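Reproduced below: upload.pdb, with PDB, C-alpha atoms.
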ATOM      1  CA  MET G   6      35.543 -33.158 -34.505  1.00  0.00           C
ATOM      2  CA  CYS G   7      33.463 -33.046 -37.680  1.00  0.00           C
ATOM      3  CA  GLY G   8      31.997 -36.441 -36.837  1.00  0.00           C
ATOM      4  CA  ASN G   9      30.887 -35.188 -33.426  1.00  0.00           C
ATOM      5  CA  VAL G  10      29.280 -32.080 -34.939  1.00  0.00           C
ATOM      6  CA  CYS G  11      27.475 -34.151 -37.563  1.00  0.00           C
ATOM      7  CA  CYS G  12      26.294 -36.543 -34.895  1.00  0.00           C
ATOM      8  CA  MET G  13      24.978 -33.683 -32.740  1.00  0.00           C
ATOM      9  CA  THR G  14      23.213 -32.156 -35.748  1.00  0.00           C
ATOM     10  CA  GLU G  15      21.526 -35.453 -36.580  1.00  0.00           C
ATOM     11  CA  THR G  16      20.478 -35.888 -32.944  1.00  0.00           C
ATOM     12  CA  GLN G  17      18.987 -32.387 -32.781  1.00  0.00           C
ATOM     13  CA  THR G  18      17.170 -32.962 -36.060  1.00  0.00           C
ATOM     14  CA  SER G  19      15.743 -36.239 -34.830  1.00  0.00           C
ATOM     15  CA  LYS G  20      14.545 -34.597 -31.626  1.00  0.00           C
ATOM     16  CA  LYS G  21      12.838 -31.753 -33.472  1.00  0.00           C
ATOM     17  CA  SER G  22       9.118 -32.387 -33.320  1.00  0.00           C
ATOM     18  CA  SER G  23       7.211 -32.837 -36.550  1.00  0.00           C
ATOM     19  CA  LEU G  24       3.733 -31.507 -37.207  1.00  0.00           C
ATOM     20  CA  LEU G  25       2.467 -35.077 -37.568  1.00  0.00           C
ATOM     21  CA  ASP G  26       4.023 -36.324 -34.325  1.00  0.00           C
ATOM     22  CA  GLY G  27       1.255 -37.674 -32.113  1.00  0.00           C
ATOM     23  CA  TRP G  28      -1.372 -37.372 -34.840  1.00  0.00           C
ATOM     24  CA  ASN G  29      -3.226 -40.359 -33.365  1.00  0.00           C
ATOM     25  CA  ALA G  30      -3.130 -39.156 -29.750  1.00  0.00           C
ATOM     26  CA  PRO G  31      -6.576 -39.392 -28.059  1.00  0.00           C
ATOM     27  CA  PRO G  32      -7.001 -35.576 -27.758  1.00  0.00           C
ATOM     28  CA  ASN G  33      -6.353 -35.227 -31.492  1.00  0.00           C
ATOM     29  CA  LEU G  34      -8.877 -37.972 -32.255  1.00  0.00           C
ATOM     30  CA  VAL G  35     -11.440 -35.960 -30.289  1.00  0.00           C
ATOM     31  CA  THR G  36     -10.551 -32.885 -32.355  1.00  0.00           C
ATOM     32  CA  TYR G  37     -11.007 -34.836 -35.613  1.00  0.00           C
ATOM     33  CA  SER G  38     -14.404 -36.028 -34.376  1.00  0.00           C
ATOM     34  CA  ARG G  39     -15.427 -32.454 -33.599  1.00  0.00           C
ATOM     35  CA  ILE G  40     -14.439 -31.319 -37.097  1.00  0.00           C
ATOM     36  CA  VAL G  41     -16.518 -34.113 -38.646  1.00  0.00           C
ATOM     37  CA  LEU G  42     -19.402 -33.098 -36.362  1.00  0.00           C
ATOM     38  CA  VAL G  43     -19.073 -29.481 -37.496  1.00  0.00           C
ATOM     39  CA  VAL G  44     -19.106 -30.468 -41.182  1.00  0.00           C
ATOM     40  CA  VAL G  45     -22.239 -32.600 -40.681  1.00  0.00           C
ATOM     41  CA  PHE G  46     -23.883 -29.717 -38.796  1.00  0.00           C
ATOM     42  CA  LEU G  47     -23.135 -27.239 -41.592  1.00  0.00           C
ATOM     43  CA  VAL G  48     -24.454 -29.587 -44.290  1.00  0.00           C
ATOM     44  CA  LEU G  49     -27.691 -30.282 -42.410  1.00  0.00           C
ATOM     45  CA  ALA G  50     -28.235 -26.622 -41.526  1.00  0.00           C
ATOM     46  CA  ALA G  51     -27.669 -25.609 -45.157  1.00  0.00           C
ATOM     47  CA  LEU G  52     -30.090 -28.238 -46.479  1.00  0.00           C
ATOM     48  CA  ALA G  53     -32.713 -27.225 -43.924  1.00  0.00           C
ATOM     49  CA  GLY G  54     -32.934 -23.749 -45.453  1.00  0.00           C
ATOM     50  CA  PRO G  55     -33.658 -20.388 -43.776  1.00  0.00           C
ATOM     51  CA  TRP G  56     -35.082 -20.920 -40.288  1.00  0.00           C
ATOM     52  CA  GLY G  57     -35.438 -24.610 -41.182  1.00  0.00           C
ATOM     53  CA  ALA G  58     -38.369 -23.950 -43.485  1.00  0.00           C
ATOM     54  CA  ASP G  59     -37.215 -26.467 -46.101  1.00  0.00           C
ATOM     55  CA  ASN G  60     -36.685 -29.328 -43.666  1.00  0.00           C
ATOM     56  CA  LEU G  61     -37.639 -28.801 -40.043  1.00  0.00           C
ATOM     57  CA  THR G  62     -36.203 -32.112 -38.848  1.00  0.00           C
ATOM     58  CA  MET G  63     -32.787 -31.329 -40.326  1.00  0.00           C
ATOM     59  CA  ARG G  64     -32.827 -27.946 -38.582  1.00  0.00           C
ATOM     60  CA  TRP G  65     -33.538 -29.545 -35.211  1.00  0.00           C
ATOM     61  CA  VAL G  66     -30.782 -32.123 -35.725  1.00  0.00           C
ATOM     62  CA  ALA G  67     -28.347 -29.429 -36.878  1.00  0.00           C
ATOM     63  CA  ALA G  68     -29.112 -27.339 -33.794  1.00  0.00           C
ATOM     64  CA  VAL G  69     -28.505 -30.308 -31.495  1.00  0.00           C
ATOM     65  CA  LEU G  70     -25.212 -31.097 -33.247  1.00  0.00           C
ATOM     66  CA  PHE G  71     -24.112 -27.476 -32.827  1.00  0.00           C
ATOM     67  CA  ILE G  72     -24.916 -27.590 -29.112  1.00  0.00           C
ATOM     68  CA  ILE G  73     -22.970 -30.844 -28.707  1.00  0.00           C
ATOM     69  CA  ALA G  74     -19.959 -29.509 -30.621  1.00  0.00           C
ATOM     70  CA  ALA G  75     -20.007 -26.219 -28.699  1.00  0.00           C
ATOM     71  CA  SER G  76     -20.324 -27.999 -25.349  1.00  0.00           C
ATOM     72  CA  THR G  77     -17.352 -30.282 -26.017  1.00  0.00           C
ATOM     73  CA  ASP G  78     -14.962 -27.698 -27.487  1.00  0.00           C
ATOM     74  CA  LYS G  79     -12.689 -27.784 -24.416  1.00  0.00           C
ATOM     75  CA  ILE G  80     -12.483 -31.560 -23.974  1.00  0.00           C
ATOM     76  CA  ASP G  81      -9.575 -32.158 -26.352  1.00  0.00           C
ATOM     77  CA  GLY G  82      -7.514 -29.317 -24.899  1.00  0.00           C
ATOM     78  CA  TRP G  83      -8.218 -30.478 -21.342  1.00  0.00           C
ATOM     79  CA  MET G  84      -7.211 -34.047 -22.212  1.00  0.00           C
ATOM     80  CA  ALA G  85      -3.992 -32.894 -23.880  1.00  0.00           C
ATOM     81  CA  ARG G  86      -2.918 -30.846 -20.856  1.00  0.00           C
ATOM     82  CA  LYS G  87      -4.014 -33.317 -18.197  1.00  0.00           C
ATOM     83  CA  TYR G  88      -2.358 -36.357 -19.785  1.00  0.00           C
ATOM     84  CA  HIS G  89       0.640 -34.484 -21.239  1.00  0.00           C
ATOM     85  CA  MET G  90      -0.347 -35.172 -24.853  1.00  0.00           C
ATOM     86  CA  VAL G  91       0.043 -31.654 -26.253  1.00  0.00           C
ATOM     87  CA  THR G  92       1.148 -31.863 -29.913  1.00  0.00           C
ATOM     88  CA  GLU G  93       1.885 -29.316 -32.625  1.00  0.00           C
ATOM     89  CA  LEU G  94      -0.922 -30.757 -34.732  1.00  0.00           C
ATOM     90  CA  GLY G  95      -3.335 -30.450 -31.825  1.00  0.00           C
ATOM     91  CA  LYS G  96      -2.395 -26.803 -31.261  1.00  0.00           C
ATOM     92  CA  LEU G  97      -3.102 -26.175 -34.942  1.00  0.00           C
ATOM     93  CA  MET G  98      -6.334 -28.153 -35.342  1.00  0.00           C
ATOM     94  CA  ASP G  99      -8.091 -27.241 -32.082  1.00  0.00           C
ATOM     95  CA  PRO G 100      -8.635 -23.526 -32.861  1.00  0.00           C
ATOM     96  CA  ILE G 101      -9.503 -24.425 -36.449  1.00  0.00           C
ATOM     97  CA  ALA G 102     -12.294 -26.693 -35.196  1.00  0.00           C
ATOM     98  CA  ASP G 103     -13.579 -23.946 -32.875  1.00  0.00           C
ATOM     99  CA  LYS G 104     -13.599 -21.230 -35.540  1.00  0.00           C
ATOM    100  CA  LEU G 105     -15.075 -23.545 -38.167  1.00  0.00           C
ATOM    101  CA  LEU G 106     -18.038 -24.162 -35.863  1.00  0.00           C
ATOM    102  CA  THR G 107     -18.849 -20.590 -34.837  1.00  0.00           C
ATOM    103  CA  CYS G 108     -17.796 -18.805 -38.037  1.00  0.00           C
ATOM    104  CA  GLY G 109     -19.617 -21.382 -40.175  1.00  0.00           C
ATOM    105  CA  ALA G 110     -22.806 -20.888 -38.157  1.00  0.00           C
ATOM    106  CA  LEU G 111     -22.514 -17.091 -38.421  1.00  0.00           C
ATOM    107  CA  ILE G 112     -21.962 -17.123 -42.189  1.00  0.00           C
ATOM    108  CA  LEU G 113     -24.861 -19.521 -42.741  1.00  0.00           C
ATOM    109  CA  ALA G 114     -27.157 -17.399 -40.570  1.00  0.00           C
ATOM    110  CA  SER G 115     -26.277 -14.282 -42.589  1.00  0.00           C
ATOM    111  CA  ILE G 116     -26.747 -16.084 -45.919  1.00  0.00           C
ATOM    112  CA  PHE G 117     -30.223 -17.121 -44.775  1.00  0.00           C
ATOM    113  CA  GLY G 118     -31.059 -13.601 -43.562  1.00  0.00           C
ATOM    114  CA  GLU G 119     -31.300 -14.673 -39.935  1.00  0.00           C
ATOM    115  CA  LEU G 120     -28.461 -12.388 -38.848  1.00  0.00           C
ATOM    116  CA  GLY G 121     -27.117  -9.138 -40.267  1.00  0.00           C
ATOM    117  CA  TRP G 122     -23.952  -9.388 -42.335  1.00  0.00           C
ATOM    118  CA  TRP G 123     -22.373  -6.531 -40.380  1.00  0.00           C
ATOM    119  CA  VAL G 124     -22.484  -8.679 -37.236  1.00  0.00           C
ATOM    120  CA  THR G 125     -20.917 -11.668 -38.975  1.00  0.00           C
ATOM    121  CA  ILE G 126     -18.220  -9.570 -40.660  1.00  0.00           C
ATOM    122  CA  LEU G 127     -17.156  -7.990 -37.361  1.00  0.00           C
ATOM    123  CA  PHE G 128     -16.986 -11.425 -35.746  1.00  0.00           C
ATOM    124  CA  LEU G 129     -14.969 -12.825 -38.663  1.00  0.00           C
ATOM    125  CA  VAL G 130     -12.480  -9.947 -38.731  1.00  0.00           C
ATOM    126  CA  ARG G 131     -11.749 -10.373 -35.031  1.00  0.00           C
ATOM    127  CA  GLU G 132     -11.741 -14.181 -34.903  1.00  0.00           C
ATOM    128  CA  ILE G 133      -9.664 -14.783 -38.021  1.00  0.00           C
ATOM    129  CA  GLY G 134      -7.342 -11.850 -37.303  1.00  0.00           C
ATOM    130  CA  ILE G 135      -6.533 -12.963 -33.751  1.00  0.00           C
ATOM    131  CA  THR G 136      -6.103 -16.608 -34.822  1.00  0.00           C
ATOM    132  CA  VAL G 137      -3.674 -15.671 -37.613  1.00  0.00           C
ATOM    133  CA  MET G 138      -1.766 -13.410 -35.241  1.00  0.00           C
ATOM    134  CA  ARG G 139      -1.460 -16.207 -32.674  1.00  0.00           C
ATOM    135  CA  PHE G 140       0.113 -18.469 -35.278  1.00  0.00           C
ATOM    136  CA  PHE G 141       2.451 -15.631 -36.308  1.00  0.00           C
ATOM    137  CA  VAL G 142       3.528 -15.068 -32.701  1.00  0.00           C
ATOM    138  CA  ILE G 143       4.219 -18.789 -32.265  1.00  0.00           C
ATOM    139  CA  ASP G 144       6.130 -18.951 -35.562  1.00  0.00           C
ATOM    140  CA  THR G 145       8.357 -16.016 -34.590  1.00  0.00           C
ATOM    141  CA  GLY G 146       9.181 -17.558 -31.219  1.00  0.00           C
ATOM    142  CA  GLY G 147       7.010 -15.227 -29.172  1.00  0.00           C
ATOM    143  CA  LYS G 148       4.770 -16.094 -26.256  1.00  0.00           C
ATOM    144  CA  VAL G 149       1.077 -16.408 -26.968  1.00  0.00           C
ATOM    145  CA  ILE G 150      -1.054 -14.553 -24.437  1.00  0.00           C
ATOM    146  CA  ALA G 151      -3.720 -16.778 -22.891  1.00  0.00           C
ATOM    147  CA  ALA G 152      -7.357 -15.804 -23.326  1.00  0.00           C
ATOM    148  CA  GLU G 153      -8.655 -13.638 -20.479  1.00  0.00           C
ATOM    149  CA  TRP G 154     -12.152 -13.534 -18.988  1.00  0.00           C
ATOM    150  CA  PRO G 155     -13.710 -11.268 -21.682  1.00  0.00           C
ATOM    151  CA  GLY G 156     -12.702 -13.747 -24.382  1.00  0.00           C
ATOM    152  CA  LYS G 157     -14.004 -16.713 -22.410  1.00  0.00           C
ATOM    153  CA  LEU G 158     -17.247 -14.889 -21.623  1.00  0.00           C
ATOM    154  CA  LYS G 159     -17.578 -13.988 -25.312  1.00  0.00           C
ATOM    155  CA  THR G 160     -17.427 -17.667 -26.226  1.00  0.00           C
ATOM    156  CA  VAL G 161     -20.222 -18.491 -23.773  1.00  0.00           C
ATOM    157  CA  PHE G 162     -22.548 -15.740 -25.026  1.00  0.00           C
ATOM    158  CA  GLN G 163     -21.731 -16.518 -28.657  1.00  0.00           C
ATOM    159  CA  CYS G 164     -22.410 -20.243 -28.379  1.00  0.00           C
ATOM    160  CA  VAL G 165     -25.593 -19.770 -26.321  1.00  0.00           C
ATOM    161  CA  GLY G 166     -26.896 -17.092 -28.698  1.00  0.00           C
ATOM    162  CA  LEU G 167     -26.176 -19.133 -31.829  1.00  0.00           C
ATOM    163  CA  SER G 168     -27.701 -22.238 -30.248  1.00  0.00           C
ATOM    164  CA  MET G 169     -30.896 -20.305 -29.516  1.00  0.00           C
ATOM    165  CA  LEU G 170     -30.930 -18.923 -33.069  1.00  0.00           C
ATOM    166  CA  LEU G 171     -30.480 -22.370 -34.604  1.00  0.00           C
ATOM    167  CA  LEU G 172     -33.289 -23.958 -32.598  1.00  0.00           C
ATOM    168  CA  PRO G 173     -36.481 -23.551 -34.725  1.00  0.00           C
ATOM    169  CA  MET G 174     -38.656 -22.474 -31.823  1.00  0.00           C
ATOM    170  CA  TRP G 175     -41.021 -20.735 -34.243  1.00  0.00           C
ATOM    171  CA  SER G 176     -42.284 -24.172 -35.271  1.00  0.00           C
ATOM    172  CA  LEU G 177     -43.806 -24.704 -31.819  1.00  0.00           C
ATOM    173  CA  ASP G 178     -46.393 -22.000 -32.422  1.00  0.00           C
ATOM    174  CA  ALA G 179     -49.477 -23.072 -34.338  1.00  0.00           C
ATOM    175  CA  GLY G 180     -51.437 -19.843 -33.825  1.00  0.00           C
ATOM    176  CA  GLN G 181     -51.996 -16.904 -36.124  1.00  0.00           C
ATOM    177  CA  THR G 182     -50.312 -14.368 -33.854  1.00  0.00           C
ATOM    178  CA  THR G 183     -46.826 -14.465 -32.359  1.00  0.00           C
ATOM    179  CA  PRO G 184     -47.035 -15.351 -28.648  1.00  0.00           C
ATOM    180  CA  MET G 185     -45.262 -13.242 -26.056  1.00  0.00           C
ATOM    181  CA  TRP G 186     -42.844 -16.022 -25.062  1.00  0.00           C
ATOM    182  CA  MET G 187     -41.551 -16.281 -28.631  1.00  0.00           C
ATOM    183  CA  SER G 188     -40.956 -12.532 -28.887  1.00  0.00           C
ATOM    184  CA  VAL G 189     -39.038 -12.652 -25.600  1.00  0.00           C
ATOM    185  CA  TYR G 190     -37.102 -15.719 -26.786  1.00  0.00           C
ATOM    186  CA  TYR G 191     -35.840 -14.102 -29.982  1.00  0.00           C
ATOM    187  CA  PHE G 192     -35.161 -10.804 -28.193  1.00  0.00           C
ATOM    188  CA  LEU G 193     -32.884 -12.693 -25.777  1.00  0.00           C
ATOM    189  CA  THR G 194     -31.344 -14.610 -28.698  1.00  0.00           C
ATOM    190  CA  TYR G 195     -30.164 -11.495 -30.488  1.00  0.00           C
ATOM    191  CA  ALA G 196     -29.238  -9.799 -27.216  1.00  0.00           C
ATOM    192  CA  MET G 197     -26.894 -12.725 -26.481  1.00  0.00           C
ATOM    193  CA  ILE G 198     -25.277 -12.417 -29.906  1.00  0.00           C
ATOM    194  CA  TYR G 199     -24.851  -8.634 -29.636  1.00  0.00           C
ATOM    195  CA  VAL G 200     -23.335  -8.912 -26.156  1.00  0.00           C
ATOM    196  CA  ALA G 201     -20.987 -11.578 -27.552  1.00  0.00           C
ATOM    197  CA  LEU G 202     -20.004  -9.170 -30.342  1.00  0.00           C
ATOM    198  CA  VAL G 203     -19.153  -6.405 -27.862  1.00  0.00           C
ATOM    199  CA  LEU G 204     -17.097  -8.830 -25.771  1.00  0.00           C
ATOM    200  CA  CYS G 205     -15.513 -10.164 -28.958  1.00  0.00           C
ATOM    201  CA  LEU G 206     -14.249  -6.738 -30.015  1.00  0.00           C
ATOM    202  CA  TYR G 207     -13.231  -5.770 -26.490  1.00  0.00           C
ATOM    203  CA  SER G 208     -11.314  -8.994 -25.840  1.00  0.00           C
ATOM    204  CA  GLY G 209      -9.630  -8.627 -29.239  1.00  0.00           C
ATOM    205  CA  GLY G 210      -8.418  -5.174 -28.244  1.00  0.00           C
ATOM    206  CA  VAL G 211      -7.193  -6.492 -24.899  1.00  0.00           C
ATOM    207  CA  TYR G 212      -5.331  -9.299 -26.646  1.00  0.00           C
ATOM    208  CA  LEU G 213      -3.631  -6.893 -29.058  1.00  0.00           C
ATOM    209  CA  TYR G 214      -2.609  -4.609 -26.189  1.00  0.00           C
ATOM    210  CA  ASN G 215      -1.235  -7.464 -24.074  1.00  0.00           C
ATOM    211  CA  THR G 216       0.637  -8.952 -27.028  1.00  0.00           C
ATOM    212  CA  PHE G 217       2.310  -5.809 -28.288  1.00  0.00           C
ATOM    213  CA  ALA G 218       2.284  -3.173 -25.535  1.00  0.00           C
ATOM    214  CA  GLY G 219       2.777  -5.800 -22.825  1.00  0.00           C
ATOM    215  CA  GLY G 220       5.663  -7.350 -24.723  1.00  0.00           C
ATOM    216  CA  ARG G 221       7.382  -3.982 -25.110  1.00  0.00           C
ATOM    217  CA  LYS G 222       6.999  -3.262 -21.395  1.00  0.00           C
ATOM    218  CA  GLN G 223       8.593  -6.593 -20.490  1.00  0.00           C
ATOM    219  CA  GLN G 224      11.437  -5.946 -22.929  1.00  0.00           C
ATOM    220  CA  SER G 225      12.024  -2.474 -21.488  1.00  0.00           C
ATOM    221  CA  ALA G 226      11.988  -3.840 -17.941  1.00  0.00           C
ATOM    222  CA  GLY G 227      14.515  -6.498 -18.920  1.00  0.00           C
ATOM    223  CA  GLU G 228      16.822  -3.900 -20.455  1.00  0.00           C
ATOM    224  CA  ALA G 229      16.544  -1.722 -17.343  1.00  0.00           C
ATOM    225  CA  GLU G 230      17.450  -4.631 -15.081  1.00  0.00           C
ATOM    226  CA  SER G 231      20.456  -5.517 -17.227  1.00  0.00           C
TER     227      SER G 231
END
Rewrite the coordinates I just gave you, this time as structure tokens.
Amino acid sequence: MCGNVCCMTETQTSKKSSLLDGWNAPPNLVTYSRIVLVVVFLVLAALAGPWGADNLTMRWVAAVLFIIAASTDKIDGWMARKYHMVTELGKLMDPIADKLLTCGALILASIFGELGWWVTILFLVREIGITVMRFFVIDTGGKVIAAEWPGKLKTVFQCVGLSMLLLPMWSLDAGQTTPMWMSVYYFLTYAMIYVALVLCLYSGGVYLYNTFAGGRKQQSAGEAES
């Protein structure tokens, strides 16, 4: 009897997935590449200085790298689901790569005075808070609520707004006065970021409500049925 129990315990232990299982799966390799891309972007953007004044070429390259990284942020997740290669490491690294990109760009923009710190802080509180809570829900055996349309729309506005901010469009003007198109461009840039902030806070509230209030409603309904 003891031998059977020991055998079953060893079998269950061997079947328990490790964090490093599937570390070299193609979706995870894409995630690693994105993280490297993000690090290179941050280094180039930092060396370029505020608005790219220290090195205009680096600022252009950094902006292009940001756009590439932002445009490909769903590829690894799509590959993992489509080809049934979802791993624990992938679920951990994918959101880290996403937040490293956007939060890094926001912090750098505020350090350089291109964006108010209050905007960046509100973004960081929501993004980091929701990410930590998702990991907590997973760790406690709960069900993570999928992102709804406000969160997805927030990502679009945030990435477009930051891309526009990173592009040194000011360098295209050689005149003494600021042309109308440039004023409109930067007005739209900040409008995109502010709309993203509103959607960010709203979607965070929706996520909290669905996670806690929604979970309690389901639990109450289950108790009523029983």
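Distance check against Ser176 (chain G) using all atoms listed in the file: of G:Val137, G:Leu120, G:Met90, G:Leu61, the minimum falls on G:Leu61.
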How would you write, as a VMD selection string, the residues chosen by the PyMOL selection byres ((chain G and resi 129-136) around 8) on this structure?
chain G and resid 100 104 108 125 to 128 137 to 140 205 to 206 209
Spatial neighbours of region 200-202 of chain G, max dist 10 Å, all atoms listed in the file, sep filter under 5 positions, as JSON, numbers by chain
{"G": [124, 125, 127, 128, 131, 155, 156, 158, 159, 160, 161, 162, 163, 164, 165, 166, 195, 207, 208]}
Could you write out that same residue set with C-alpha atoms as a short mmCIF file (atom, residue, chain, number, x, y, z; two decimals), keeping the file's coordinate frame?
data_model
loop_
_atom_site.label_atom_id
_atom_site.label_comp_id
_atom_site.auth_asym_id
_atom_site.auth_seq_id
_atom_site.Cartn_x
_atom_site.Cartn_y
_atom_site.Cartn_z
CA VAL G 124 -22.48 -8.68 -37.24
CA THR G 125 -20.92 -11.67 -38.98
CA LEU G 127 -17.16 -7.99 -37.36
CA PHE G 128 -16.99 -11.42 -35.75
CA ARG G 131 -11.75 -10.37 -35.03
CA PRO G 155 -13.71 -11.27 -21.68
CA GLY G 156 -12.70 -13.75 -24.38
CA LEU G 158 -17.25 -14.89 -21.62
CA LYS G 159 -17.58 -13.99 -25.31
CA THR G 160 -17.43 -17.67 -26.23
CA VAL G 161 -20.22 -18.49 -23.77
CA PHE G 162 -22.55 -15.74 -25.03
CA GLN G 163 -21.73 -16.52 -28.66
CA CYS G 164 -22.41 -20.24 -28.38
CA VAL G 165 -25.59 -19.77 -26.32
CA GLY G 166 -26.90 -17.09 -28.70
CA TYR G 195 -30.16 -11.50 -30.49
CA TYR G 207 -13.23 -5.77 -26.49
CA SER G 208 -11.31 -8.99 -25.84
#
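In this model, the gap between CA of Ala68 (chain G) and CA of Trp122 (chain G) comes to 20.5 Å.
The result of the PyMOL selection byres ((chain G and resi 80-89) around 7) on the shown file is G:Pro32, G:Asn33, G:Val35, G:Thr36, G:Thr77, G:Asp78, G:Lys79, G:Met90, G:Val91.
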Restricting the calculation to only C-alpha atoms, which member of G:Ala53, G:Ala58, G:Leu70, G:Leu172 is positioned closest to Thr194 (chain G)?
G:Leu172
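The shortest atom-to-atom distance to Ile40 (chain G), with only C-alpha atoms taken into account, belongs to G:Thr107 out of G:Thr107, G:Ser188, G:Ser115, G:Thr182.
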Between CA of Ser168 (chain G) and CA of Leu113 (chain G), what is the spacing in Å?
13.1 Å
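For the pair CA of Leu111 (chain G) and CA of Leu167 (chain G), the interatomic distance is 7.8 Å.
Of the residues under consideration (G:Ile198, G:Ala110, G:Ala50, G:Met98), G:Ala110 shows the shortest atom-to-atom contact distance to Ala75 (chain G) when counting all atoms listed in the file.
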Selection dump of the PyMOL selection byres ((chain G and resi 187) around 12), as a tab-separated table (two decimals) with C-alpha atoms, in the frame of the given file:
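out22.tsv written:
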chain	number	residue	atom	x	y	z
G	169	MET	CA	-30.90	-20.30	-29.52
G	170	LEU	CA	-30.93	-18.92	-33.07
G	172	LEU	CA	-33.29	-23.96	-32.60
G	173	PRO	CA	-36.48	-23.55	-34.72
G	174	MET	CA	-38.66	-22.47	-31.82
G	175	TRP	CA	-41.02	-20.74	-34.24
G	176	SER	CA	-42.28	-24.17	-35.27
G	177	LEU	CA	-43.81	-24.70	-31.82
G	178	ASP	CA	-46.39	-22.00	-32.42
G	179	ALA	CA	-49.48	-23.07	-34.34
G	180	GLY	CA	-51.44	-19.84	-33.83
G	182	THR	CA	-50.31	-14.37	-33.85
G	183	THR	CA	-46.83	-14.46	-32.36
G	184	PRO	CA	-47.04	-15.35	-28.65
G	185	MET	CA	-45.26	-13.24	-26.06
G	186	TRP	CA	-42.84	-16.02	-25.06
G	188	SER	CA	-40.96	-12.53	-28.89
G	189	VAL	CA	-39.04	-12.65	-25.60
G	190	TYR	CA	-37.10	-15.72	-26.79
G	191	TYR	CA	-35.84	-14.10	-29.98
G	192	PHE	CA	-35.16	-10.80	-28.19
G	193	LEU	CA	-32.88	-12.69	-25.78
G	194	THR	CA	-31.34	-14.61	-28.70
Give the centre and edge lengths of an axis-aligned box, in Å to one decimal, that holds all listed atoms of region 105-117 of chain G with 4 Å on each side, as JSON.
{"center_x": -22.6, "center_y": -19.2, "center_z": -40.4, "size_x": 23.1, "size_y": 17.9, "size_z": 19.1}
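Comparing G:Leu171, G:Leu106, G:Ala218, G:Ala30 by their smallest distance to Leu42 (chain G), the closest is G:Leu106 (using all atoms listed in the file).
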